[in-house]
Amino acid sequence: MAADCAAEGKAYDELVRSTGGVDIQVLGIGGNGHIGFNEPCDVFDPITHQVTLDERTIRDNARFFNSIEEVPTQAITMGIGTIMTAKSILLLASGKGKAPIVKEMLLGNLFFNSTKMLKLYWMKKQQQNF
């Protein structure tokens, strides 16, 4: 992990801004609905920042490591505010295990801000296409 995650996040966001922003933001959605590593929560950080990963996220990522103990418990992620500045967003969900969370995001009760913000972004883009 970087020595000063806040400074790294600020520098990253400034780089994104100074180079004209993100044209296409490719995102994954986690089994618990996290976007990037913005875990479900009541309040989200709008800029790139350090996060503590949810237990489900840690378990889901254990397959990439030799043991659960090797899985990082923290990460640096783009904030929802930075993500929302993208000209286009491509959200990927792989495997039938993600179907319930994608359905919840698109049709259900929007129970946390990261998926709510993506749904609002999608609705905004749809209005721009008409």
# chains A, B, ... in the order shown; residues from 1 in each chain; ligands from 1

$ residues_around --residues "Arg59 (chain A)" --least-positions-apart "3" --cutoff "12 Å" --atoms "only C-alpha atoms" --output "number ranges by chain"
A: 30-32, 53-56, 62-65, 67-73

$ residues_around --residues "Ile47 (chain A)" --least-positions-apart "6" --cutoff "12 Å" --atoms "only C-alpha atoms" --output "list in words"
Cys5, Ala6, Ala7, Glu8, Gly9, Lys10, Ala11, Tyr12, Asp13, Glu14, Val16, Arg17, Asn38, Ile76, Thr77, Met78, Gly79, Ile80, Gly81, Thr82, Ile83, Met84 and Thr85 of chain A

$ closest_residue --among "A:Ile35, A:Val102, A:Leu107, A:Val22" --to "Lys87 (chain A)" --atoms "only C-alpha atoms"
A:Val22

$ select_by_dssp --residues "region 4-106 of chain A" --states "alpha helix (DSSP H)" --output "MDAnalysis selection string"
chainID A and resid 5:18 55:61 80:84 99:106

$ write_last_selection --atoms "N, CA and C atoms" --output "mmCIF file, in the first residue's frame"
data_model
loop_
_atom_site.group_PDB
_atom_site.id
_atom_site.type_symbol
_atom_site.label_atom_id
_atom_site.label_comp_id
_atom_site.auth_asym_id
_atom_site.auth_seq_id
_atom_site.Cartn_x
_atom_site.Cartn_y
_atom_site.Cartn_z
ATOM 1 N N CYS A 5 -1.788 7.278 1.106
ATOM 2 C CA CYS A 5 -2.885 6.948 0.185
ATOM 3 C C CYS A 5 -3.696 8.173 -0.203
ATOM 4 N N ALA A 6 -3.905 9.091 0.712
ATOM 5 C CA ALA A 6 -4.678 10.300 0.402
ATOM 6 C C ALA A 6 -3.968 11.115 -0.667
ATOM 7 N N ALA A 7 -2.649 11.258 -0.542
ATOM 8 C CA ALA A 7 -1.880 12.015 -1.541
ATOM 9 C C ALA A 7 -1.894 11.297 -2.886
ATOM 10 N N GLU A 8 -1.769 9.977 -2.865
ATOM 11 C CA GLU A 8 -1.808 9.207 -4.114
ATOM 12 C C GLU A 8 -3.168 9.351 -4.800
ATOM 13 N N GLY A 9 -4.236 9.292 -4.008
ATOM 14 C CA GLY A 9 -5.581 9.454 -4.569
ATOM 15 C C GLY A 9 -5.771 10.828 -5.184
ATOM 16 N N LYS A 10 -5.324 11.850 -4.480
ATOM 17 C CA LYS A 10 -5.432 13.217 -4.985
ATOM 18 C C LYS A 10 -4.631 13.377 -6.282
ATOM 19 N N ALA A 11 -3.427 12.832 -6.310
ATOM 20 C CA ALA A 11 -2.593 12.917 -7.510
ATOM 21 C C ALA A 11 -3.246 12.184 -8.679
ATOM 22 N N TYR A 12 -3.847 11.034 -8.400
ATOM 23 C CA TYR A 12 -4.526 10.268 -9.455
ATOM 24 C C TYR A 12 -5.701 11.053 -10.025
ATOM 25 N N ASP A 13 -6.533 11.602 -9.146
ATOM 26 C CA ASP A 13 -7.687 12.370 -9.610
ATOM 27 C C ASP A 13 -7.254 13.601 -10.402
ATOM 28 N N GLU A 14 -6.165 14.227 -10.001
ATOM 29 C CA GLU A 14 -5.650 15.386 -10.732
ATOM 30 C C GLU A 14 -5.137 14.952 -12.105
ATOM 31 N N LEU A 15 -4.491 13.807 -12.170
ATOM 32 C CA LEU A 15 -4.029 13.284 -13.455
ATOM 33 C C LEU A 15 -5.217 13.025 -14.385
ATOM 34 N N VAL A 16 -6.259 12.421 -13.855
ATOM 35 C CA VAL A 16 -7.466 12.168 -14.652
ATOM 36 C C VAL A 16 -8.029 13.492 -15.169
ATOM 37 N N ARG A 17 -8.162 14.473 -14.288
ATOM 38 C CA ARG A 17 -8.713 15.771 -14.669
ATOM 39 C C ARG A 17 -7.824 16.471 -15.702
ATOM 40 N N SER A 18 -6.520 16.483 -15.472
ATOM 41 C CA SER A 18 -5.602 17.233 -16.332
ATOM 42 C C SER A 18 -5.428 16.618 -17.713
ATOM 43 N N GLU A 55 -15.907 -8.282 4.310
ATOM 44 C CA GLU A 55 -15.579 -9.705 4.446
ATOM 45 C C GLU A 55 -15.969 -10.502 3.205
ATOM 46 N N ARG A 56 -17.115 -10.174 2.618
ATOM 47 C CA ARG A 56 -17.560 -10.885 1.406
ATOM 48 C C ARG A 56 -16.595 -10.634 0.262
ATOM 49 N N THR A 57 -16.135 -9.407 0.123
ATOM 50 C CA THR A 57 -15.187 -9.070 -0.943
ATOM 51 C C THR A 57 -13.879 -9.834 -0.746
ATOM 52 N N ILE A 58 -13.431 -9.915 0.485
ATOM 53 C CA ILE A 58 -12.207 -10.658 0.781
ATOM 54 C C ILE A 58 -12.394 -12.130 0.419
ATOM 55 N N ARG A 59 -13.504 -12.723 0.838
ATOM 56 C CA ARG A 59 -13.770 -14.133 0.512
ATOM 57 C C ARG A 59 -13.860 -14.341 -0.997
ATOM 58 N N ASP A 60 -14.569 -13.436 -1.696
ATOM 59 C CA ASP A 60 -14.735 -13.583 -3.144
ATOM 60 C C ASP A 60 -13.402 -13.503 -3.889
ATOM 61 N N ASN A 61 -12.455 -12.746 -3.350
ATOM 62 C CA ASN A 61 -11.159 -12.588 -4.013
ATOM 63 C C ASN A 61 -10.120 -13.602 -3.567
ATOM 64 N N ILE A 80 -16.711 7.271 -6.253
ATOM 65 C CA ILE A 80 -17.884 7.336 -7.124
ATOM 66 C C ILE A 80 -17.923 8.678 -7.874
ATOM 67 N N GLY A 81 -17.540 9.765 -7.220
ATOM 68 C CA GLY A 81 -17.521 11.070 -7.894
ATOM 69 C C GLY A 81 -16.586 11.088 -9.077
ATOM 70 N N THR A 82 -15.408 10.507 -8.924
ATOM 71 C CA THR A 82 -14.455 10.423 -10.030
ATOM 72 C C THR A 82 -15.019 9.537 -11.132
ATOM 73 N N ILE A 83 -15.588 8.411 -10.754
ATOM 74 C CA ILE A 83 -16.177 7.496 -11.739
ATOM 75 C C ILE A 83 -17.280 8.190 -12.526
ATOM 76 N N MET A 84 -18.106 8.970 -11.844
ATOM 77 C CA MET A 84 -19.263 9.599 -12.482
ATOM 78 C C MET A 84 -18.882 10.673 -13.497
ATOM 79 N N ALA A 99 -26.073 -12.304 -10.783
ATOM 80 C CA ALA A 99 -27.415 -11.958 -11.269
ATOM 81 C C ALA A 99 -28.291 -11.288 -10.208
ATOM 82 N N PRO A 100 -28.325 -11.780 -8.976
ATOM 83 C CA PRO A 100 -29.191 -11.126 -7.981
ATOM 84 C C PRO A 100 -28.811 -9.677 -7.703
ATOM 85 N N ILE A 101 -27.518 -9.385 -7.630
ATOM 86 C CA ILE A 101 -27.111 -8.013 -7.320
ATOM 87 C C ILE A 101 -27.344 -7.094 -8.514
ATOM 88 N N VAL A 102 -27.175 -7.599 -9.731
ATOM 89 C CA VAL A 102 -27.462 -6.788 -10.919
ATOM 90 C C VAL A 102 -28.962 -6.506 -10.996
ATOM 91 N N LYS A 103 -29.780 -7.522 -10.725
ATOM 92 C CA LYS A 103 -31.231 -7.311 -10.715
ATOM 93 C C LYS A 103 -31.607 -6.277 -9.667
ATOM 94 N N GLU A 104 -31.022 -6.376 -8.478
ATOM 95 C CA GLU A 104 -31.304 -5.415 -7.406
ATOM 96 C C GLU A 104 -30.914 -4.008 -7.831
ATOM 97 N N MET A 105 -29.766 -3.884 -8.490
ATOM 98 C CA MET A 105 -29.300 -2.574 -8.928
ATOM 99 C C MET A 105 -30.261 -1.967 -9.951
ATOM 100 N N LEU A 106 -30.709 -2.769 -10.884
ATOM 101 C CA LEU A 106 -31.536 -2.243 -11.971
ATOM 102 C C LEU A 106 -33.014 -2.116 -11.617
#

$ atom_distance --atom1 "CA of Val51 (chain A)" --atom2 "CA of Val26 (chain A)"
19.3 Å

$ atom_distance --atom1 "CA of Glu39 (chain A)" --atom2 "CA of Thr52 (chain A)"
8.4 Å
